[in-house]
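Here's coords_11.txt, which has compact mmCIF, C-alpha atoms:
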```
# COMPACT_ATOMS: atom_id res chain seq x y z
CA MET A 1 57.35 33.85 37.73
CA PRO A 2 59.78 35.49 40.22
CA PRO A 3 62.63 33.35 41.56
CA ILE A 4 62.22 31.59 44.86
CA ASP A 5 64.79 33.92 46.50
CA ASP A 6 62.66 36.99 45.65
CA ILE A 7 59.55 35.32 47.06
CA ALA A 8 61.39 34.46 50.28
CA ALA A 9 62.71 38.02 50.60
CA PHE A 10 59.19 39.43 50.04
CA VAL A 11 57.72 37.15 52.73
CA THR A 12 60.52 38.23 55.14
CA GLU A 13 60.04 41.93 54.48
CA LYS A 14 56.19 41.95 54.36
CA PRO A 15 54.83 38.95 56.27
CA ALA A 16 51.33 40.41 56.70
CA ILE A 17 50.78 41.00 53.02
CA ALA A 18 52.26 37.62 52.18
CA GLY A 19 49.86 36.00 54.66
CA LEU A 20 46.85 37.75 53.13
CA ILE A 21 47.93 36.69 49.65
CA GLY A 22 48.29 33.10 50.83
CA LEU A 23 44.85 33.24 52.49
CA PHE A 24 43.18 34.60 49.35
CA ALA A 25 44.95 31.99 47.24
CA LEU A 26 43.69 29.23 49.54
CA VAL A 27 40.14 30.58 49.42
CA GLY A 28 40.34 30.87 45.63
CA LEU A 29 41.58 27.30 45.38
CA VAL A 30 38.75 26.05 47.59
CA LEU A 31 36.21 27.99 45.54
CA ALA A 32 37.68 26.62 42.31
CA VAL A 33 37.43 23.09 43.65
CA LEU A 34 33.82 23.68 44.71
CA LEU A 35 32.94 25.19 41.33
CA ILE A 36 34.56 22.27 39.54
CA ARG A 37 32.59 19.79 41.65
CA VAL A 38 29.30 21.64 41.14
CA GLY A 39 29.98 22.00 37.44
CA GLY A 40 30.91 18.33 37.17
CA ARG A 41 27.71 17.26 38.93
CA GLY A 42 25.67 19.55 36.70
CA LEU A 43 27.30 18.17 33.59
CA ALA A 44 26.82 14.62 34.84
CA GLY A 45 23.14 15.34 35.54
CA MET A 46 22.66 16.88 32.11
CA TRP A 47 24.44 13.90 30.54
CA GLN A 48 22.20 11.41 32.30
CA ARG A 49 19.03 13.42 31.70
CA TYR A 50 19.44 14.64 28.13
CA VAL A 51 22.17 12.57 26.49
CA LEU A 52 21.89 9.00 27.74
CA PRO A 53 18.12 8.60 27.04
CA ARG A 54 18.59 9.75 23.44
CA PRO A 55 19.70 7.45 20.64
CA ILE A 56 23.25 7.89 19.48
CA GLU A 57 22.09 9.27 16.10
CA ASP A 58 20.20 12.09 17.83
CA VAL A 59 23.26 13.03 19.88
CA LEU A 60 25.50 13.04 16.82
CA THR A 61 22.91 15.11 14.94
CA ILE A 62 22.91 17.75 17.67
CA VAL A 63 26.71 17.85 17.83
CA ALA A 64 27.10 18.16 14.06
CA ALA A 65 24.38 20.83 13.89
CA CYS A 66 26.13 22.83 16.63
CA ILE A 67 29.43 22.66 14.73
CA ALA A 68 27.77 23.77 11.49
CA THR A 69 25.99 26.61 13.32
CA GLY A 70 29.35 27.69 14.77
CA VAL A 71 30.85 27.86 11.29
CA SER A 72 27.90 29.96 10.14
CA ALA A 73 28.27 32.27 13.18
CA GLN A 74 31.97 32.76 12.40
CA GLY A 75 31.03 33.88 8.91
CA MET A 76 28.47 36.31 10.33
CA TRP A 77 31.18 37.64 12.70
CA ARG A 78 33.34 38.61 9.75
CA PHE A 79 30.36 39.96 7.81
CA SER A 80 29.29 42.20 10.71
CA GLY A 81 32.83 43.61 11.02
CA ASP A 82 33.83 43.97 7.36
CA VAL A 83 30.48 44.92 5.82
CA LEU A 84 28.46 46.48 8.63
CA GLY A 85 31.43 48.05 10.36
CA LEU A 86 30.49 46.84 13.84
CA ASP A 87 33.27 46.68 16.43
CA GLY A 88 33.76 45.96 20.10
CA PRO A 89 30.84 44.98 22.36
CA LEU A 90 28.26 45.97 19.73
CA ARG A 91 29.73 43.48 17.28
CA LEU A 92 29.81 40.81 19.98
CA LEU A 93 26.12 41.36 20.79
CA LEU A 94 24.73 41.59 17.26
CA PHE A 95 26.76 39.32 14.99
CA ALA A 96 24.83 36.07 15.67
CA PHE A 97 21.24 37.33 15.85
CA ILE A 98 20.19 35.16 12.89
CA GLU A 99 21.71 32.02 14.43
CA VAL A 100 19.84 32.72 17.68
CA ALA A 101 16.63 33.13 15.65
CA ILE A 102 17.30 29.81 13.90
CA VAL A 103 17.78 27.98 17.20
CA THR A 104 14.63 29.63 18.62
CA SER A 105 12.56 28.62 15.60
CA ALA A 106 13.93 25.07 15.76
CA VAL A 107 12.95 24.74 19.43
CA ARG A 108 9.46 26.11 18.73
CA ALA A 109 9.06 23.77 15.77
CA ARG A 110 9.94 20.78 17.92
CA ARG A 111 7.43 21.89 20.54
CA ASN A 112 4.76 22.27 17.86
CA MET A 113 5.58 18.81 16.63
CA ARG A 114 5.03 17.30 20.08
CA GLU A 115 1.82 19.24 20.71
CA ASN A 116 0.22 19.62 17.26
CA TYR A 117 2.04 16.86 15.29
CA SER A 118 3.35 19.45 12.82
CA ALA A 119 6.30 21.85 12.76
CA GLY A 120 4.08 24.62 11.40
CA ILE A 121 5.40 28.01 10.31
CA ASP A 122 8.41 27.69 12.60
CA GLY A 123 9.70 24.79 10.52
CA VAL A 124 9.52 26.98 7.41
CA ALA A 125 11.26 29.79 9.30
CA VAL A 126 14.21 27.53 10.09
CA TRP A 127 14.89 26.94 6.42
CA ALA A 128 14.28 30.58 5.45
CA LEU A 129 16.63 31.94 8.09
CA THR A 130 19.21 29.28 7.25
CA CYS A 131 19.24 30.33 3.60
CA LEU A 132 19.52 33.98 4.67
CA THR A 133 22.51 33.46 6.95
CA SER A 134 24.26 31.23 4.42
CA VAL A 135 23.95 33.90 1.71
CA LEU A 136 25.08 36.74 3.99
CA SER A 137 28.11 34.86 5.35
CA SER A 138 29.22 33.80 1.86
CA MET A 139 29.07 37.40 0.56
CA ASP A 140 32.22 38.28 2.57
CA ALA A 141 34.16 35.26 1.31
CA ARG A 142 37.63 35.81 -0.19
CA SER A 143 37.43 32.93 -2.70
CA VAL A 144 34.90 30.74 -4.47
CA ALA A 145 35.79 27.74 -2.34
CA GLU A 146 35.21 29.73 0.86
CA ALA A 147 31.88 31.00 -0.47
CA ILE A 148 30.70 27.46 -1.25
CA PHE A 149 31.82 26.27 2.18
CA ARG A 150 29.94 29.08 3.95
CA LEU A 151 26.86 28.36 1.87
CA ALA A 152 26.99 24.66 2.71
CA ALA A 153 27.56 24.89 6.49
CA PRO A 154 24.16 26.39 7.46
CA LEU A 155 22.35 24.10 5.01
CA VAL A 156 24.01 21.08 6.60
CA ALA A 157 22.82 22.24 10.01
CA ALA A 158 19.26 22.70 8.69
CA TRP A 159 19.33 19.27 7.03
CA LEU A 160 20.44 17.59 10.24
CA TRP A 161 17.66 19.38 12.11
CA GLU A 162 15.14 18.25 9.50
CA ARG A 163 16.22 14.62 9.81
CA GLY A 164 15.97 14.86 13.58
CA MET A 165 12.44 16.23 13.18
CA ALA A 166 11.58 13.36 10.82
CA ILE A 167 12.69 10.85 13.43
CA GLU A 168 10.65 12.70 16.07
CA ARG A 169 7.64 12.80 13.76
CA HIS A 170 7.86 9.10 13.07
CA ARG A 171 8.24 8.36 16.78
CA ILE A 172 5.17 10.42 17.71
CA ARG A 173 2.82 9.66 14.81
CA GLY A 174 4.05 6.21 13.94
CA THR A 175 4.14 7.03 10.22
CA GLY A 176 6.29 8.94 7.81
CA ARG A 177 5.35 12.34 6.51
CA ILE A 178 4.53 11.13 2.98
CA ASN A 179 4.42 7.89 1.05
CA TRP A 180 6.36 8.21 -2.18
CA ARG A 181 4.60 6.88 -5.27
CA LEU A 182 7.90 6.33 -7.04
CA THR A 183 10.10 3.99 -5.02
CA PRO A 184 12.62 1.32 -6.05
CA GLU A 185 10.25 -1.40 -4.88
CA ARG A 186 7.35 -0.09 -6.97
CA MET A 187 9.58 0.32 -10.01
CA LEU A 188 10.75 -3.30 -9.73
CA VAL A 189 7.16 -4.51 -9.38
CA ARG A 190 6.11 -2.39 -12.36
CA ILE A 191 8.70 -3.86 -14.72
CA GLY A 192 8.03 -7.38 -13.44
CA LEU A 193 11.25 -7.99 -11.54
CA ALA A 194 9.59 -8.12 -8.11
CA GLU A 195 6.43 -9.63 -6.67
CA VAL A 196 3.92 -7.75 -4.54
CA SER A 197 2.82 -10.71 -2.45
CA ASP A 198 4.95 -13.21 -0.59
CA ARG A 199 4.36 -16.00 -3.13
CA THR A 200 7.26 -18.18 -4.08
CA ALA A 201 8.71 -18.22 -7.57
CA THR A 202 7.07 -21.59 -8.25
CA GLU A 203 3.61 -20.32 -7.28
CA VAL A 204 3.99 -17.24 -9.45
CA ASP A 205 5.10 -19.31 -12.45
CA VAL A 206 2.21 -21.78 -12.02
CA HIS A 207 -0.34 -18.97 -11.80
CA ARG A 208 0.98 -17.24 -14.92
CA ARG A 209 1.06 -20.42 -16.98
CA LEU A 210 -2.50 -21.39 -15.99
CA THR A 211 -3.68 -17.86 -16.75
CA ARG A 212 -1.97 -18.05 -20.15
CA VAL A 213 -3.89 -21.25 -20.92
CA ALA A 214 -7.22 -19.73 -19.84
CA LEU A 215 -6.70 -16.59 -21.92
CA ALA A 216 -5.68 -18.61 -24.97
CA ALA A 217 -8.81 -20.77 -24.60
CA LYS A 218 -11.02 -17.70 -24.38
CA ARG A 219 -9.47 -16.16 -27.48
CA ALA A 220 -9.89 -19.35 -29.49
CA LYS A 221 -13.51 -19.68 -28.37
CA ASN A 222 -14.32 -16.08 -29.28
CA LEU A 223 -12.78 -16.42 -32.73
CA ARG A 224 -14.73 -19.59 -33.42
CA GLU A 225 -18.03 -18.11 -32.25
CA GLN A 226 -17.50 -14.92 -34.26
CA GLY A 227 -16.93 -16.86 -37.45
CA ALA A 228 -13.34 -15.78 -37.89
CA PRO A 229 -11.31 -17.12 -40.81
CA ASP A 230 -9.93 -20.61 -40.43
CA ARG A 231 -6.39 -19.28 -40.48
CA LYS A 232 -6.98 -17.18 -37.33
CA VAL A 233 -8.82 -20.01 -35.61
CA ARG A 234 -6.00 -22.44 -36.34
CA ALA A 235 -3.42 -19.96 -35.07
CA ALA A 236 -5.41 -19.43 -31.86
CA LEU A 237 -5.78 -23.17 -31.35
CA ALA A 238 -2.03 -23.59 -31.93
CA ARG A 239 -1.30 -21.00 -29.24
CA LEU A 240 -3.74 -22.73 -26.90
CA ASP A 241 -2.11 -26.09 -27.56
CA LYS A 242 1.34 -24.65 -26.93
CA ALA A 243 0.27 -22.97 -23.68
CA MET A 244 -1.39 -26.20 -22.54
CA ASP A 245 1.75 -28.22 -23.31
CA GLN A 246 3.89 -25.84 -21.27
CA ALA A 247 1.41 -25.86 -18.40
CA VAL A 248 1.35 -29.66 -18.29
CA GLU A 249 5.14 -29.78 -18.45
CA HIS A 250 5.98 -27.13 -15.86
CA THR A 251 3.01 -27.05 -13.47
CA GLY A 252 2.03 -30.70 -13.04
CA LEU A 253 -1.46 -29.89 -14.32
CA ALA A 254 -2.17 -33.47 -15.36
CA VAL A 255 -1.76 -34.91 -11.85
CA ASP A 256 -2.60 -31.97 -9.52
CA PRO A 257 -6.37 -31.68 -8.84
CA ALA A 258 -6.01 -28.31 -7.13
CA ARG A 259 -4.38 -26.75 -10.18
CA GLN A 260 -6.92 -28.37 -12.46
CA GLU A 261 -9.72 -26.80 -10.45
CA ALA A 262 -7.91 -23.46 -10.53
CA LEU A 263 -7.66 -23.63 -14.33
CA LEU A 264 -11.34 -24.52 -14.69
CA ALA A 265 -12.29 -21.68 -12.37
CA GLN A 266 -10.33 -19.19 -14.47
CA ILE A 267 -11.91 -20.48 -17.67
CA ALA A 268 -15.40 -20.29 -16.16
CA ALA A 269 -14.80 -16.68 -15.06
CA LEU A 270 -13.42 -15.65 -18.46
CA TYR A 271 -16.20 -17.35 -20.44
CA ASN A 272 -18.91 -15.52 -18.50
CA THR A 273 -17.55 -12.00 -18.47
CA GLU A 274 -20.67 -10.68 -20.21
CA ALA A 275 -22.74 -11.68 -17.18
CA LEU A 276 -21.17 -8.77 -15.30
CA ILE A 277 -23.17 -6.37 -17.49
CA ASP A 278 -26.44 -7.58 -15.99
CA ALA A 279 -25.14 -7.67 -12.41
CA ASP A 280 -27.10 -5.48 -10.01
CA PRO A 281 -24.88 -4.82 -7.01
CA ARG A 282 -26.41 -3.41 -3.89
CA VAL A 283 -25.71 0.16 -2.89
CA PRO A 284 -25.33 0.18 0.92
CA TRP A 285 -26.03 3.90 1.24
CA GLY A 286 -29.08 3.91 -1.04
CA PRO A 287 -32.49 4.73 0.45
CA GLN A 288 -33.98 1.47 -0.81
CA TYR A 289 -31.63 -0.43 1.54
CA ALA A 290 -32.14 1.76 4.59
CA ASP A 291 -34.00 -0.97 6.45
CA GLN A 292 -31.10 -3.39 5.85
CA GLN A 293 -33.53 -5.94 4.39
CA PRO A 294 -32.59 -7.60 1.09
CA VAL A 295 -35.17 -7.09 -1.65
CA PRO A 296 -35.86 -10.30 -3.60
CA ALA A 297 -35.52 -10.00 -7.36
CA ARG A 298 -38.66 -12.09 -7.87
CA PRO A 299 -41.53 -13.21 -5.61
CA GLN A 300 -41.27 -16.52 -3.86
CA LEU A 301 -42.75 -19.63 -5.47
CA PRO A 302 -46.33 -20.45 -4.56
CA PRO A 303 -46.56 -23.40 -2.17
CA ALA A 304 -48.19 -25.64 -4.76
CA LEU A 305 -45.59 -24.87 -7.42
CA ALA A 306 -42.74 -25.29 -4.95
CA GLU A 307 -44.12 -28.68 -3.91
CA LEU A 308 -44.52 -29.69 -7.55
CA VAL A 309 -40.95 -28.81 -8.40
CA GLU A 310 -39.72 -30.61 -5.30
CA ASP A 311 -41.71 -33.68 -6.30
CA GLU A 312 -40.29 -33.55 -9.81
CA ASP A 313 -36.78 -33.39 -8.41
CA GLU A 314 -37.44 -36.47 -6.33
CA ASP A 315 -38.83 -38.42 -9.32
CA VAL A 316 -35.44 -38.53 -11.07
CA GLU A 317 -34.33 -42.09 -10.55
CA ILE A 318 -30.83 -41.85 -11.94
CA LEU A 319 -29.68 -39.46 -9.21
CA ASP A 320 -27.99 -40.70 -6.07
CA ALA A 321 -28.00 -38.91 -2.72
CA THR A 322 -24.32 -39.62 -2.18
CA PRO A 323 -21.92 -37.03 -3.62
CA GLN A 324 -20.19 -37.95 -6.86
CA ILE A 325 -16.42 -38.24 -6.92
CA LEU A 326 -15.18 -37.54 -10.43
CA ASP A 327 -11.76 -36.97 -11.82
CA THR A 328 -11.09 -33.78 -13.71
CA ALA A 329 -11.33 -35.27 -17.19
CA GLU A 330 -14.71 -36.89 -16.46
CA ARG A 331 -16.01 -33.71 -14.87
CA ALA A 332 -14.96 -31.70 -17.92
CA ARG A 333 -16.67 -34.20 -20.26
CA LEU A 334 -19.92 -34.06 -18.28
CA MET A 335 -19.76 -30.29 -18.20
CA ARG A 336 -19.45 -30.17 -21.99
CA MET A 337 -22.44 -32.51 -22.33
CA GLY A 338 -24.50 -30.37 -19.96
CA ARG A 339 -23.51 -27.18 -21.76
CA THR A 340 -24.46 -28.65 -25.14
CA TYR A 341 -27.88 -29.64 -23.80
CA TRP A 342 -28.30 -26.20 -22.24
CA ASP A 343 -27.49 -24.39 -25.50
CA GLU A 344 -29.90 -26.58 -27.46
CA GLN A 345 -32.78 -25.88 -25.05
CA ILE A 346 -32.04 -22.14 -25.00
CA GLU A 347 -32.20 -22.09 -28.82
CA LYS A 348 -35.65 -23.71 -28.54
CA GLY A 349 -36.81 -20.96 -26.17
CA LYS A 350 -36.70 -23.09 -23.01
CA VAL A 351 -34.69 -22.68 -19.81
CA PRO A 352 -33.82 -26.18 -18.53
CA ARG A 353 -34.45 -26.96 -14.89
CA THR A 354 -31.93 -28.41 -12.50
CA VAL A 355 -33.59 -31.82 -12.68
CA ASP A 356 -33.54 -31.70 -16.51
CA ILE A 357 -29.79 -31.11 -16.59
CA ALA A 358 -29.17 -33.78 -13.96
CA ALA A 359 -31.32 -36.34 -15.82
CA GLU A 360 -29.77 -35.57 -19.20
CA VAL A 361 -26.13 -35.69 -18.10
CA GLY A 362 -26.37 -38.12 -15.17
CA ILE A 363 -24.99 -35.97 -12.38
CA SER A 364 -26.09 -35.03 -8.90
CA LEU A 365 -28.61 -32.29 -8.20
CA ALA A 366 -26.00 -30.24 -6.37
CA THR A 367 -23.66 -30.21 -9.37
CA ALA A 368 -26.49 -29.48 -11.80
CA ARG A 369 -27.72 -26.63 -9.60
CA GLU A 370 -24.22 -25.15 -9.51
CA TRP A 371 -23.81 -25.28 -13.29
CA ARG A 372 -27.31 -23.91 -13.94
CA ALA A 373 -26.75 -20.98 -11.56
CA LEU A 374 -23.71 -20.05 -13.64
CA TRP A 375 -25.22 -20.53 -17.09
CA LYS A 376 -28.51 -18.73 -16.47
CA LEU A 377 -26.61 -15.45 -15.97
CA GLU A 378 -25.67 -15.37 -19.64
CA PRO A 379 -27.52 -12.74 -21.72
CA GLN A 380 -29.69 -15.05 -23.83
CA ALA A 381 -30.85 -17.21 -20.93
CA HIS A 382 -31.34 -14.18 -18.71
CA ALA A 383 -33.51 -12.56 -21.41
CA LEU A 384 -35.72 -15.65 -21.61
CA ILE A 385 -36.16 -15.73 -17.83
CA GLU A 386 -37.04 -12.03 -17.73
CA GLN A 387 -39.52 -12.46 -20.60
CA LEU A 388 -41.30 -15.27 -18.79
CA TYR A 389 -41.60 -13.20 -15.66
CA GLN A 390 -42.54 -9.87 -17.25
CA GLU A 391 -45.17 -11.23 -19.68
CA HIS A 392 -46.65 -14.18 -17.78
CA GLY A 393 -45.42 -13.84 -14.18
CA ILE A 394 -43.67 -17.20 -14.41
CA VAL A 395 -40.88 -17.55 -11.88
CA ASP A 396 -37.54 -19.02 -12.94
CA THR A 397 -38.23 -22.76 -12.76
CA GLY A 398 -37.54 -23.61 -16.41
CA THR A 399 -40.78 -25.61 -16.54
CA PHE A 400 -42.51 -23.66 -19.30
CA PRO A 401 -41.14 -22.57 -22.68
CA ALA A 402 -40.72 -18.88 -23.34
CA VAL A 403 -43.51 -17.37 -25.36
CA ALA A 404 -42.18 -15.86 -28.58
CA VAL A 405 -43.04 -12.19 -29.10
CA GLN A 406 -45.46 -11.80 -32.01
CA SER A 407 -44.18 -9.39 -34.58
CA ALA A 408 -46.53 -6.73 -35.82
CA SER A 409 -48.06 -7.68 -39.13
```
Take the structure in the file and write it out as structure tokens.
Amino acid sequence: MPPIDDIAAFVTEKPAIAGLIGLFALVGLVLAVLLIRVGGRGLAGMWQRYVLPRPIEDVLTIVAACIATGVSAQGMWRFSGDVLGLDGPLRLLLFAFIEVAIVTSAVRARRNMRENYSAGIDGVAVWALTCLTSVLSSMDARSVAEAIFRLAAPLVAAWLWERGMAIERHRIRGTGRINWRLTPERMLVRIGLAEVSDRTATEVDVHRRLTRVALAAKRAKNLREQGAPDRKVRAALARLDKAMDQAVEHTGLAVDPARQEALLAQIAALYNTEALIDADPRVPWGPQYADQQPVPARPQLPPALAELVEDEDEDVEILDATPQILDTAERARLMRMGRTYWDEQIEKGKVPRTVDIAAEVGISLATAREWRALWKLEPQAHALIEQLYQEHGIVDTGTFPAVAVQSAS
């Protein structure tokens, strides 16, 4: 900058030129102020329109991706000069063509995501072009560390773009792209360290101990019915006794009616597993159910027979219309008595009626009907009922004995 004396001498010698220079400087200053104000308003508008509405993680993702893209472009600048031999304006125009293609593909992929809910081929192009520019920029590296750095920078930019797309995808579709089958939560559930439902630890422990008792009872029953050696039967009974002791000690089974009912329900389901073989579930899409009308398995009872059975039910004097209130031990004892009577009648070729079970055991009709509906699904009783119906047309009332099939002589 010239000294102040030289400036004063120049203004004295050439006042017109000095005045023009001062005028142009003032105009330039005014224009600079105007440009700064316009630029500041534009930047403020862009900040309010594009930056403030976005979450902070999206803004940081864009900033980090821009920095990584700049590092990749600097590598391509050196590659275009050292390898391709480009110089001057040509080098300035051509060095970053891959980075421009990456940004273009990323913008198109985001638009496809908003319109078609998928990044499409443009999302694949982003990764392909990123790998290409990372390889090309690392080929002109002067050391291994520089090569690794130039390989990593474009991949970091692509990863940040991918995470931004994942957030956009989740925001638009409301779901993630995939549901992983192997997650920490599923692994913990698989090995038994976590629970799928929201049950408490006490509820889980009670359920497992009751289930252990029911399974042990089923195993002991099966061994006894199959005629297993006494040693195996005694071992099974010992395991059942041990499981029952633990259940009584840790679950309050002896004083909790709800848990007693749960145990009995599990035992009833396990004892009648074979009944599932004869189950005939409806097929909703089958042609036989097109009219949405259920098809009865057997014809309805004739009026006279229905009235007779109703009269017989009413003739049982030991039954009371009021519901019976029994404790669990008494209910179990009556159920064993009813089951013993049922097995004896089935061996004789008869299917006991509801009133027969109620009269024999001394229970209400409702309870007898419930037990009979469960027991008649067993294979032997079901075979007797089917034989009565197929050979003689007798509906399941249990009134008549089954007719034995005559063997050919």
As JSON, please report the centre and edge lengths, rounded to one decimal in Å, of the axis-aligned box that holds all listed atoms of range 271-277 of chain A with 5 Å of padding on each of the six sides.
```
{"center_x": -19.7, "center_y": -11.9, "center_z": -17.9, "size_x": 17.0, "size_y": 21.0, "size_z": 15.1}
```
Interatomic distance (Å, one decimal) between CA of Gly123 in chain A and CA of Pro154 in chain A: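 Between CA of Gly123 in chain A and CA of Pro154 in chain A the gap is 14.9 Å.
Ranking A:Ile357, A:Leu223, A:Ala268, A:Val206 by their shortest atom-to-atom distance to Asp256 in chain A, with all atoms listed in the file included, puts A:Val206 first.
Across the structure, CA of Thr183 in chain A and CA of Trp127 in chain A are spaced 26.1 Å apart.
Using all atoms listed in the file for every distance, the candidate list A:Gly28, A:Ala366, A:Ser105, A:Val71 yields A:Val71 as the residue closest to Glu146 in chain A.
The environment of range 378-381 of chain A within 8 Å, counting only C-alpha atoms and disregarding residues fewer than 2 places along the same chain, consists of Asn272, Glu274, Ala275, Asp278, Ile346, Val351, Leu374, Trp375, Lys376, Ala383, Leu384 and Ile385 of chain A.
Across A:Ser72, A:Ile167, A:Arg91, A:Arg78, the tightest approach to Arg150 in chain A is made by A:Ser72 when counting only C-alpha atoms.
Distance annotation: of A:Gly70, A:Asp87, A:Thr104, A:Asp82, the residue with the minimal separation from Ala153 in chain A is A:Gly70; atom set is all atoms listed in the file.
The two atoms in question, CA of Val124 in chain A and CA of Pro184 in chain A, are spaced 29.1 Å apart.
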Counting all atoms listed in the file, the residue of A:Leu136, A:Arg114, A:Asp58, A:Met46 that sits nearest Leu84 in chain A: A:Leu136
Residue nearest Leu129 in chain A among A:Leu26, A:Met187, A:Val100, A:Val38 (counting only C-alpha atoms): A:Val100
Selection: 12 Å around Trp159 in chain A, all atoms listed in the file, excl. self and same-chain fewer than 6 positions, as an NGL selection string: :A and (61-62 or 64-65 or 68-69 or 106 or 123 or 126-127 or 130-131 or 152-153 or 165-166)
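Using all atoms listed in the file, the residues found no farther than 10 Å from Thr328 in chain A, other than those of its own chain fewer than 6 positions away, are Ala254, Val255, Asp256, Pro257, Ala258, Gln260, Glu261, Leu264 and Leu334 of chain A.
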Shell around range 95-99 of chain A at 6 Å using only C-alpha atoms, local window under 5 positions removed, as a list in words: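 Contacts, in chain order: Ala73, Met76, Trp77 and Ser80 of chain A.
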